[in-house]
$ cat input00.json   # JSON, C-alpha atoms
[["chain", "number", "residue", "atom", "x", "y", "z"],
["A", 1, "MET", "CA", -30.06, 31.64, -13.10],
["A", 2, "LYS", "CA", -33.17, 32.33, -11.04],
["A", 3, "ASN", "CA", -32.79, 34.03, -7.68],
["A", 4, "ARG", "CA", -33.15, 31.94, -4.53],
["A", 5, "ASN", "CA", -33.89, 33.14, -1.03],
["A", 6, "TYR", "CA", -31.23, 30.80, 0.32],
["A", 7, "LYS", "CA", -27.67, 29.80, -0.53],
["A", 8, "ASP", "CA", -26.30, 26.37, -1.29],
["A", 9, "SER", "CA", -22.90, 25.19, -0.19],
["A", 10, "VAL", "CA", -20.34, 24.38, -2.88],
["A", 11, "PHE", "CA", -20.86, 20.70, -2.03],
["A", 12, "VAL", "CA", -24.61, 20.88, -2.61],
["A", 13, "ASP", "CA", -24.22, 22.86, -5.82],
["A", 14, "LEU", "CA", -21.65, 20.43, -7.17],
["A", 15, "PHE", "CA", -23.62, 17.25, -6.41],
["A", 16, "ALA", "CA", -27.23, 18.43, -6.60],
["A", 17, "LYS", "CA", -27.72, 21.71, -8.48],
["A", 18, "ASP", "CA", -25.03, 22.28, -11.13],
["A", 19, "ILE", "CA", -25.49, 21.17, -14.76],
["A", 20, "THR", "CA", -23.02, 18.36, -14.04],
["A", 21, "ALA", "CA", -24.70, 17.41, -10.74],
["A", 22, "LYS", "CA", -26.38, 14.21, -11.94],
["A", 23, "GLU", "CA", -23.14, 12.83, -13.36],
["A", 24, "ASN", "CA", -21.29, 13.89, -10.20],
["A", 25, "PHE", "CA", -23.85, 12.35, -7.87],
["A", 26, "VAL", "CA", -24.01, 9.02, -9.70],
["A", 27, "SER", "CA", -20.21, 8.91, -9.59],
["A", 28, "LEU", "CA", -20.40, 9.50, -5.84],
["A", 29, "TYR", "CA", -23.07, 6.80, -5.44],
["A", 30, "ASN", "CA", -20.91, 4.35, -7.38],
["A", 31, "ALA", "CA", -17.96, 5.17, -5.11],
["A", 32, "LEU", "CA", -20.04, 4.51, -1.98],
["A", 33, "HIS", "CA", -21.36, 1.18, -3.26],
["A", 34, "GLU", "CA", -18.55, 0.13, -5.61],
["A", 35, "THR", "CA", -21.09, -0.15, -8.41],
["A", 36, "ASN", "CA", -20.98, 1.05, -12.01],
["A", 37, "LEU", "CA", -24.29, 2.79, -12.71],
["A", 38, "ASP", "CA", -24.49, 4.85, -15.89],
["A", 39, "TYR", "CA", -25.64, 8.39, -15.08],
["A", 40, "LYS", "CA", -27.28, 8.67, -18.52],
["A", 41, "THR", "CA", -29.67, 5.76, -17.86],
["A", 42, "THR", "CA", -30.04, 6.06, -14.08],
["A", 43, "GLU", "CA", -33.06, 8.03, -12.85],
["A", 44, "VAL", "CA", -32.04, 10.51, -10.15],
["A", 45, "LYS", "CA", -34.60, 12.80, -8.55],
["A", 46, "PRO", "CA", -33.82, 15.49, -5.95],
["A", 47, "VAL", "CA", -36.08, 15.20, -2.88],
["A", 48, "MET", "CA", -34.49, 17.78, -0.60],
["A", 49, "ILE", "CA", -36.83, 19.51, 1.81],
["A", 50, "GLU", "CA", -36.85, 23.23, 1.04],
["A", 51, "GLN", "CA", -36.52, 24.73, 4.48],
["A", 52, "VAL", "CA", -34.29, 27.37, 6.00],
["A", 53, "LEU", "CA", -32.13, 25.66, 8.60],
["A", 54, "TYR", "CA", -29.62, 28.34, 9.43],
["A", 55, "MET", "CA", -28.74, 31.66, 7.84],
["A", 56, "LYS", "CA", -30.59, 30.60, 4.67],
["A", 57, "TYR", "CA", -27.84, 28.06, 4.12],
["A", 58, "TYR", "CA", -28.20, 24.56, 2.66],
["A", 59, "ASN", "CA", -25.67, 21.81, 3.14],
["A", 60, "ASP", "CA", -27.60, 18.61, 2.56],
["A", 61, "ILE", "CA", -28.45, 16.43, -0.42],
["A", 62, "ALA", "CA", -31.33, 13.95, -0.72],
["A", 63, "MET", "CA", -31.74, 11.97, -3.92],
["A", 64, "LEU", "CA", -34.23, 9.32, -5.00],
["A", 65, "ILE", "CA", -32.50, 6.78, -7.24],
["A", 66, "ASP", "CA", -34.65, 4.74, -9.66],
["A", 67, "ASN", "CA", -37.55, 5.25, -7.20],
["A", 68, "LYS", "CA", -35.96, 2.58, -5.00],
["A", 69, "ILE", "CA", -33.34, 4.21, -2.81],
["A", 70, "VAL", "CA", -33.23, 7.51, -0.93],
["A", 71, "VAL", "CA", -29.67, 8.64, -0.32],
["A", 72, "LEU", "CA", -29.35, 11.47, 2.20],
["A", 73, "ILE", "CA", -25.94, 13.12, 2.53],
["A", 74, "GLU", "CA", -25.07, 15.92, 4.93],
["A", 75, "HIS", "CA", -21.76, 17.75, 4.56],
["A", 76, "GLN", "CA", -20.22, 19.03, 7.81],
["A", 77, "SER", "CA", -17.04, 20.69, 8.97],
["A", 78, "THR", "CA", -18.04, 20.05, 12.59],
["A", 79, "ILE", "CA", -19.50, 16.69, 13.55],
["A", 80, "ASN", "CA", -22.91, 16.84, 15.18],
["A", 81, "GLU", "CA", -23.56, 13.75, 17.28],
["A", 82, "ASN", "CA", -27.30, 14.45, 17.00],
["A", 83, "MET", "CA", -27.36, 13.71, 13.25],
["A", 84, "PRO", "CA", -29.37, 10.47, 13.64],
["A", 85, "PHE", "CA", -32.12, 12.39, 15.44],
["A", 86, "ARG", "CA", -32.09, 15.19, 12.86],
["A", 87, "ILE", "CA", -32.21, 12.65, 10.04],
["A", 88, "LEU", "CA", -35.16, 10.88, 11.67],
["A", 89, "GLU", "CA", -37.16, 14.09, 11.30],
["A", 90, "TYR", "CA", -35.83, 14.68, 7.81],
["A", 91, "ILE", "CA", -36.52, 11.22, 6.35],
["A", 92, "ALA", "CA", -40.09, 11.28, 7.68],
["A", 93, "ARG", "CA", -40.72, 14.47, 5.71],
["A", 94, "ILE", "CA", -39.10, 13.00, 2.62],
["A", 95, "TYR", "CA", -41.36, 9.96, 2.77],
["A", 96, "GLU", "CA", -44.35, 12.29, 3.07],
["A", 97, "LYS", "CA", -43.10, 13.92, -0.12],
["A", 98, "VAL", "CA", -42.53, 10.76, -2.19],
["A", 99, "VAL", "CA", -45.41, 8.55, -0.98],
["A", 100, "LYS", "CA", -49.00, 9.44, -1.86],
["A", 101, "THR", "CA", -51.04, 10.11, 1.27],
["A", 102, "LYS", "CA", -54.05, 8.04, 0.13],
["A", 103, "ASN", "CA", -51.88, 4.95, -0.30],
["A", 104, "LYS", "CA", -50.96, 4.94, 3.38],
["A", 105, "PHE", "CA", -54.55, 4.18, 4.36],
["A", 106, "GLY", "CA", -55.13, 1.34, 1.92],
["A", 107, "LYS", "CA", -54.97, -2.35, 2.80],
["A", 108, "LYS", "CA", -52.14, -3.07, 0.40],
["A", 109, "LEU", "CA", -48.61, -2.76, 1.73],
["A", 110, "VAL", "CA", -47.01, 0.47, 0.52],
["A", 111, "LYS", "CA", -43.47, -0.02, -0.73],
["A", 112, "ILE", "CA", -41.12, 2.80, 0.26],
["A", 113, "PRO", "CA", -37.58, 3.60, -0.95],
["A", 114, "LEU", "CA", -34.72, 2.12, 1.03],
["A", 115, "PRO", "CA", -32.96, 4.89, 3.00],
["A", 116, "GLU", "CA", -29.21, 5.42, 3.28],
["A", 117, "PHE", "CA", -27.64, 8.10, 5.47],
["A", 118, "TYR", "CA", -24.18, 9.64, 5.23],
["A", 119, "VAL", "CA", -22.24, 12.55, 6.67],
["A", 120, "PHE", "CA", -19.18, 13.74, 4.75],
["A", 121, "TYR", "CA", -16.77, 15.38, 7.16],
["A", 122, "ASN", "CA", -13.90, 17.67, 6.21],
["A", 123, "GLY", "CA", -13.34, 19.73, 9.36],
["A", 124, "LYS", "CA", -10.02, 20.57, 10.98],
["A", 125, "GLU", "CA", -10.49, 18.47, 14.11],
["A", 126, "ASP", "CA", -8.99, 14.99, 14.06],
["A", 127, "PHE", "CA", -11.64, 12.40, 13.25],
["A", 128, "PRO", "CA", -11.55, 8.69, 12.29],
["A", 129, "LEU", "CA", -11.61, 7.64, 8.65],
["A", 130, "GLU", "CA", -15.15, 6.37, 9.15],
["A", 131, "LYS", "CA", -17.57, 6.17, 12.06],
["A", 132, "THR", "CA", -21.17, 5.10, 12.56],
["A", 133, "LEU", "CA", -23.60, 7.22, 14.57],
["A", 134, "LYS", "CA", -26.74, 5.54, 15.91],
["A", 135, "LEU", "CA", -30.03, 6.98, 17.10],
["A", 136, "SER", "CA", -30.11, 4.35, 19.85],
["A", 137, "ASP", "CA", -27.03, 5.94, 21.43],
["A", 138, "ALA", "CA", -29.30, 8.81, 22.48],
["A", 139, "PHE", "CA", -32.00, 6.67, 24.09],
["A", 140, "MET", "CA", -32.52, 6.98, 27.84],
["A", 141, "LEU", "CA", -32.69, 3.38, 28.94],
["A", 142, "PRO", "CA", -34.61, 2.07, 31.94],
["A", 143, "GLU", "CA", -32.50, 1.05, 34.93],
["A", 144, "LYS", "CA", -33.35, -2.62, 34.39],
["A", 145, "ALA", "CA", -32.75, -3.00, 30.66],
["A", 146, "PHE", "CA", -32.46, -6.57, 29.37],
["A", 147, "SER", "CA", -29.78, -7.48, 26.85],
["A", 148, "ALA", "CA", -32.50, -8.53, 24.39],
["A", 149, "ASP", "CA", -33.97, -5.03, 24.59],
["A", 150, "LEU", "CA", -30.60, -3.47, 23.84],
["A", 151, "ALA", "CA", -30.08, -5.67, 20.78],
["A", 152, "ASN", "CA", -33.46, -4.96, 19.22],
["A", 153, "PHE", "CA", -34.44, -1.33, 19.52],
["A", 154, "PRO", "CA", -37.92, -0.63, 18.10],
["A", 155, "LEU", "CA", -36.51, 2.42, 16.30],
["A", 156, "GLU", "CA", -33.05, 2.84, 14.86],
["A", 157, "ILE", "CA", -31.23, 5.20, 12.48],
["A", 158, "THR", "CA", -27.61, 4.59, 11.49],
["A", 159, "VAL", "CA", -25.51, 7.30, 9.88],
["A", 160, "LYS", "CA", -22.15, 6.58, 8.28],
["A", 161, "VAL", "CA", -19.67, 9.42, 8.81],
["A", 162, "VAL", "CA", -16.99, 9.53, 6.10],
["A", 163, "ASN", "CA", -13.86, 11.63, 6.59],
["A", 164, "ILE", "CA", -12.98, 13.15, 3.21],
["A", 165, "ASN", "CA", -9.99, 15.25, 4.28],
["A", 166, "VAL", "CA", -7.25, 14.70, 1.71],
["A", 167, "ASP", "CA", -4.62, 13.88, 4.34],
["A", 168, "LYS", "CA", -6.71, 10.93, 5.56],
["A", 169, "GLY", "CA", -6.50, 9.21, 2.17],
["A", 170, "ASN", "CA", -9.96, 7.71, 2.33],
["A", 171, "PRO", "CA", -10.34, 5.10, -0.48],
["A", 172, "ILE", "CA", -13.61, 6.72, -1.55],
["A", 173, "LEU", "CA", -11.61, 9.66, -2.91],
["A", 174, "LYS", "CA", -9.82, 7.35, -5.34],
["A", 175, "ARG", "CA", -13.14, 5.89, -6.45],
["A", 176, "CYS", "CA", -14.78, 9.28, -7.04],
["A", 177, "LYS", "CA", -12.65, 11.76, -8.97],
["A", 178, "ILE", "CA", -15.03, 14.69, -8.47],
["A", 179, "LEU", "CA", -15.14, 14.19, -4.68],
["A", 180, "ASP", "CA", -11.36, 13.95, -4.60],
["A", 181, "GLN", "CA", -11.05, 17.23, -6.52],
["A", 182, "TYR", "CA", -13.60, 18.88, -4.23],
["A", 183, "SER", "CA", -11.57, 17.84, -1.17],
["A", 184, "GLU", "CA", -8.37, 19.15, -2.77],
["A", 185, "PHE", "CA", -10.11, 22.43, -3.54],
["A", 186, "ILE", "CA", -11.34, 22.85, 0.04],
["A", 187, "GLU", "CA", -7.78, 22.20, 1.24],
["A", 188, "LEU", "CA", -6.57, 25.02, -1.04],
["A", 189, "VAL", "CA", -9.27, 27.30, 0.41],
["A", 190, "ARG", "CA", -8.09, 26.54, 3.94],
["A", 191, "LYS", "CA", -4.47, 27.23, 3.08],
["A", 192, "SER", "CA", -5.43, 30.54, 1.44],
["A", 193, "ILE", "CA", -7.38, 31.61, 4.53],
["A", 194, "ASP", "CA", -4.52, 30.60, 6.85],
["A", 195, "SER", "CA", -2.00, 32.51, 4.72],
["A", 196, "GLY", "CA", -3.77, 35.80, 5.51],
["A", 197, "THR", "CA", -4.08, 36.87, 1.88],
["A", 198, "ASP", "CA", -6.56, 39.67, 1.17],
["A", 199, "ASP", "CA", -8.74, 37.62, -1.18],
["A", 200, "PRO", "CA", -8.40, 34.00, 0.01],
["A", 201, "PHE", "CA", -11.35, 32.63, -1.94],
["A", 202, "THR", "CA", -10.35, 34.27, -5.23],
["A", 203, "THR", "CA", -6.78, 33.07, -4.69],
["A", 204, "ALA", "CA", -7.92, 29.50, -3.97],
["A", 205, "ILE", "CA", -10.21, 29.41, -7.01],
["A", 206, "SER", "CA", -7.44, 30.66, -9.31],
["A", 207, "LYS", "CA", -4.95, 28.16, -7.93],
["A", 208, "ALA", "CA", -7.43, 25.27, -8.19],
["A", 209, "ILE", "CA", -8.09, 26.08, -11.85],
["A", 210, "LYS", "CA", -4.34, 26.14, -12.56],
["A", 211, "GLU", "CA", -3.78, 22.85, -10.72],
["A", 212, "GLY", "CA", -6.76, 21.14, -12.38],
["A", 213, "PHE", "CA", -9.07, 20.77, -9.39],
["A", 214, "LEU", "CA", -12.70, 21.37, -10.49],
["A", 215, "SER", "CA", -11.24, 23.62, -13.19],
["A", 216, "ASP", "CA", -14.23, 23.52, -15.60],
["A", 217, "TYR", "CA", -16.74, 24.02, -12.78],
["A", 218, "LEU", "CA", -14.78, 26.87, -11.17],
["A", 219, "ALA", "CA", -14.13, 28.60, -14.49],
["A", 220, "ARG", "CA", -17.87, 28.62, -15.20],
["A", 221, "LYS", "CA", -19.01, 29.70, -11.74],
["A", 222, "SER", "CA", -16.12, 31.47, -10.03],
["A", 223, "THR", "CA", -18.23, 34.38, -8.73],
["A", 224, "GLU", "CA", -21.01, 32.10, -7.47],
["A", 225, "VAL", "CA", -18.52, 29.75, -5.83],
["A", 226, "GLU", "CA", -16.81, 32.68, -4.11],
["A", 227, "ASN", "CA", -20.16, 33.82, -2.70],
["A", 228, "MET", "CA", -20.96, 30.30, -1.52],
["A", 229, "LEU", "CA", -17.57, 30.01, 0.16],
["A", 230, "MET", "CA", -18.15, 33.31, 1.96],
["A", 231, "THR", "CA", -21.47, 31.99, 3.26],
["A", 232, "GLU", "CA", -19.87, 28.73, 4.40],
["A", 233, "TYR", "CA", -17.01, 30.56, 6.09],
["A", 234, "ASP", "CA", -19.41, 32.94, 7.87],
["A", 235, "TYR", "CA", -21.51, 29.97, 8.96],
["A", 236, "ASP", "CA", -18.56, 28.00, 10.37],
["A", 237, "THR", "CA", -17.12, 31.07, 12.09],
["A", 238, "ASP", "CA", -20.46, 32.05, 13.61],
["A", 239, "ILE", "CA", -21.16, 28.54, 14.89],
["A", 240, "ALA", "CA", -17.67, 28.27, 16.42],
["A", 241, "VAL", "CA", -18.02, 31.64, 18.15],
["A", 242, "GLN", "CA", -21.49, 30.86, 19.45],
["A", 243, "ARG", "CA", -20.38, 27.52, 20.84],
["A", 244, "GLU", "CA", -17.34, 29.01, 22.54],
["A", 245, "GLU", "CA", -19.31, 31.89, 24.02],
["A", 246, "ALA", "CA", -22.12, 29.62, 25.15],
["A", 247, "TYR", "CA", -19.68, 27.20, 26.74],
["A", 248, "GLU", "CA", -17.70, 29.88, 28.59],
["A", 249, "ASP", "CA", -20.86, 31.65, 29.71],
["A", 250, "GLY", "CA", -22.48, 28.42, 30.81],
["A", 251, "LEU", "CA", -19.36, 27.19, 32.56],
["A", 252, "SER", "CA", -19.07, 30.48, 34.45],
["A", 253, "LYS", "CA", -22.69, 30.29, 35.56],
["A", 254, "GLY", "CA", -22.34, 26.62, 36.36],
["A", 255, "LEU", "CA", -19.35, 27.32, 38.59],
["A", 256, "GLN", "CA", -21.32, 30.10, 40.25],
["A", 257, "GLN", "CA", -24.02, 27.55, 40.99],
["A", 258, "GLY", "CA", -21.42, 25.29, 42.58],
["A", 259, "ILE", "CA", -21.27, 22.83, 39.67],
["A", 260, "LYS", "CA", -17.77, 21.51, 38.95],
["A", 261, "GLN", "CA", -16.51, 21.70, 35.35],
["A", 262, "GLY", "CA", -16.76, 17.95, 34.63],
["A", 263, "ALA", "CA", -20.23, 17.79, 36.14],
["A", 264, "TYR", "CA", -21.29, 20.87, 34.20],
["A", 265, "GLU", "CA", -20.23, 19.35, 30.88],
["A", 266, "LYS", "CA", -22.15, 16.17, 31.70],
["A", 267, "ALA", "CA", -25.21, 18.22, 32.70],
["A", 268, "VAL", "CA", -25.10, 20.09, 29.37],
["A", 269, "GLU", "CA", -25.00, 16.83, 27.38],
["A", 270, "THR", "CA", -27.93, 15.49, 29.41],
["A", 271, "ALA", "CA", -29.84, 18.72, 28.82],
["A", 272, "LYS", "CA", -29.32, 18.47, 25.05],
["A", 273, "ASN", "CA", -30.81, 14.97, 25.00],
["A", 274, "LEU", "CA", -33.75, 16.08, 27.12],
["A", 275, "PHE", "CA", -34.42, 19.03, 24.80],
["A", 276, "HIS", "CA", -34.59, 16.65, 21.84],
["A", 277, "LEU", "CA", -37.09, 14.51, 23.76],
["A", 278, "GLY", "CA", -39.36, 17.51, 24.21],
["A", 279, "LEU", "CA", -39.05, 18.18, 27.91],
["A", 280, "SER", "CA", -39.65, 21.72, 29.14],
["A", 281, "ILE", "CA", -36.88, 24.00, 30.36],
["A", 282, "GLU", "CA", -38.28, 23.78, 33.87],
["A", 283, "GLN", "CA", -38.21, 19.98, 33.82],
["A", 284, "ILE", "CA", -34.66, 19.93, 32.44],
["A", 285, "SER", "CA", -33.53, 22.40, 35.08],
["A", 286, "THR", "CA", -34.92, 20.12, 37.79],
["A", 287, "VAL", "CA", -33.12, 17.07, 36.34],
["A", 288, "THR", "CA", -29.75, 18.69, 35.56],
["A", 289, "GLY", "CA", -29.45, 21.47, 38.13],
["A", 290, "LEU", "CA", -28.67, 24.01, 35.41],
["A", 291, "SER", "CA", -30.23, 27.46, 35.66],
["A", 292, "LEU", "CA", -33.16, 28.49, 33.47],
["A", 293, "GLU", "CA", -31.01, 31.23, 31.91],
["A", 294, "THR", "CA", -28.29, 28.72, 30.96],
["A", 295, "LEU", "CA", -30.86, 26.36, 29.49],
["A", 296, "GLN", "CA", -32.54, 29.15, 27.51],
["A", 297, "GLN", "CA", -29.19, 29.95, 25.87],
["A", 298, "LEU", "CA", -28.53, 26.25, 25.22],
["A", 299, "GLU", "CA", -31.94, 25.89, 23.59],
["A", 300, "LYS", "CA", -31.11, 28.79, 21.24],
["A", 301, "ASP", "CA", -27.81, 27.17, 20.28],
["A", 302, "LEU", "CA", -29.54, 23.88, 19.51]]
$ encode --input "input00.json" --output "structure tokens"
Amino acid sequence: MKNRNYKDSVFVDLFAKDITAKENFVSLYNALHETNLDYKTTEVKPVMIEQVLYMKYYNDIAMLIDNKIVVLIEHQSTINENMPFRILEYIARIYEKVVKTKNKFGKKLVKIPLPEFYVFYNGKEDFPLEKTLKLSDAFMLPEKAFSADLANFPLEITVKVVNINVDKGNPILKRCKILDQYSEFIELVRKSIDSGTDDPFTTAISKAIKEGFLSDYLARKSTEVENMLMTEYDYDTDIAVQREEAYEDGLSKGLQQGIKQGAYEKAVETAKNLFHLGLSIEQISTVTGLSLETLQQLEKDL
């Protein structure tokens, strides 16, 4: 196996990189659409954008199916409400990758693959079985917005969030055996971590093999999977710590500025949206009342 300067998550390896990835992904696609495509005759091409997002860690899958459909799946243990905006940037880069530049300037209409966007969630926080996130939810609307304007946004991205925690019993798990086994395996990992055992990942892998969850995959790649789990765990822990520290620090400074807790939280959410729209820290400070120091930390977190 050639060395990479980044690490995949177990989810990405299982559905995009492993020797069984094509079969696994087509099974997942069939489960999402209730179709019956044959992985042996279906053309599947990875179109992920090779970029370092955080800690050299990859947790997304983008596949081109029969040159007609681009399916983008992000796996998250913490839901990010800004996924539609992130995916807007991502899909634009994917289209740049799959469509020849010269064709865009011709007179003939260029046909592009139909996009589909999903987030698979398996975090600890309670979350609905399914939920749809929309880019339009982030738009700052004019004070006098007509109902017709609200019904027909000139730009929209919809992302389907699917809760794959085993206790939720999502029907998609019954339709996709490999996804079901992955969810069961992650549940074993969590229980091993919570038990306080010295080697939680090794313990979880051994138990999963015995119980028949991803047994062939884990037997082949136990060391690699353990390393990927360590990266995922470090990532989740680091993000949780950063968010908690940033919130407590920001709240403290907000209170010092005379901003009440509820108002502070609202100001932070407004600031996040303004950052994504490209406003400067100075402009955001003027709008929200947050200090430049607080906004600088928030920008780092984003």
$ atom_distance --input "input00.json" --atom1 "atom CA of Ser192 of chain A" --atom2 "atom CA of Thr223 of chain A"
16.8 Å
$ residues_around --input "input00.json" --residues "segment 151-163 of chain A" --least-positions-apart "5" --cutoff "8 Å" --atoms "all atoms listed in the file" --output "PyMOL selection string"
chain A and resi 83-85+87-88+116-122+127-136+168+170
$ atom_distance --input "input00.json" --atom1 "atom CA of His276 of chain A" --atom2 "atom CA of Val99 of chain A"
26.5 Å
$ atom_distance --input "input00.json" --atom1 "atom CA of Asp301 of chain A" --atom2 "atom CA of Ala267 of chain A"
15.5 Å
$ closest_residue --input "input00.json" --among "A:Arg175, A:Lys124, A:Lys210, A:Lys111" --to "Arg190 of chain A" --atoms "all atoms listed in the file"
A:Lys124
$ closest_atom_pairs --input "input00.json" --of "segment 54-143 of chain A" --to "segment 270-273 of chain A" --cutoff "12 Å" --atoms "all atoms listed in the file" --output "Markdown table"
| residue | atom | partner | partner_atom | distance |
| --- | --- | --- | --- | --- |
| A:Asn80 | CA | A:Lys272 | CA | 11.9 |
| A:Glu81 | CA | A:Asn273 | CA | 10.7 |
| A:Asn82 | CA | A:Asn273 | CA | 8.8 |
| A:Phe85 | CA | A:Asn273 | CA | 10.0 |
| A:Leu135 | CA | A:Asn273 | CA | 11.3 |
| A:Ser136 | CA | A:Asn273 | CA | 11.8 |
| A:Asp137 | CA | A:Asn273 | CA | 10.4 |
| A:Ala138 | CA | A:Asn273 | CA | 6.8 |
| A:Phe139 | CA | A:Asn273 | CA | 8.4 |
| A:Met140 | CA | A:Asn273 | CA | 8.7 |
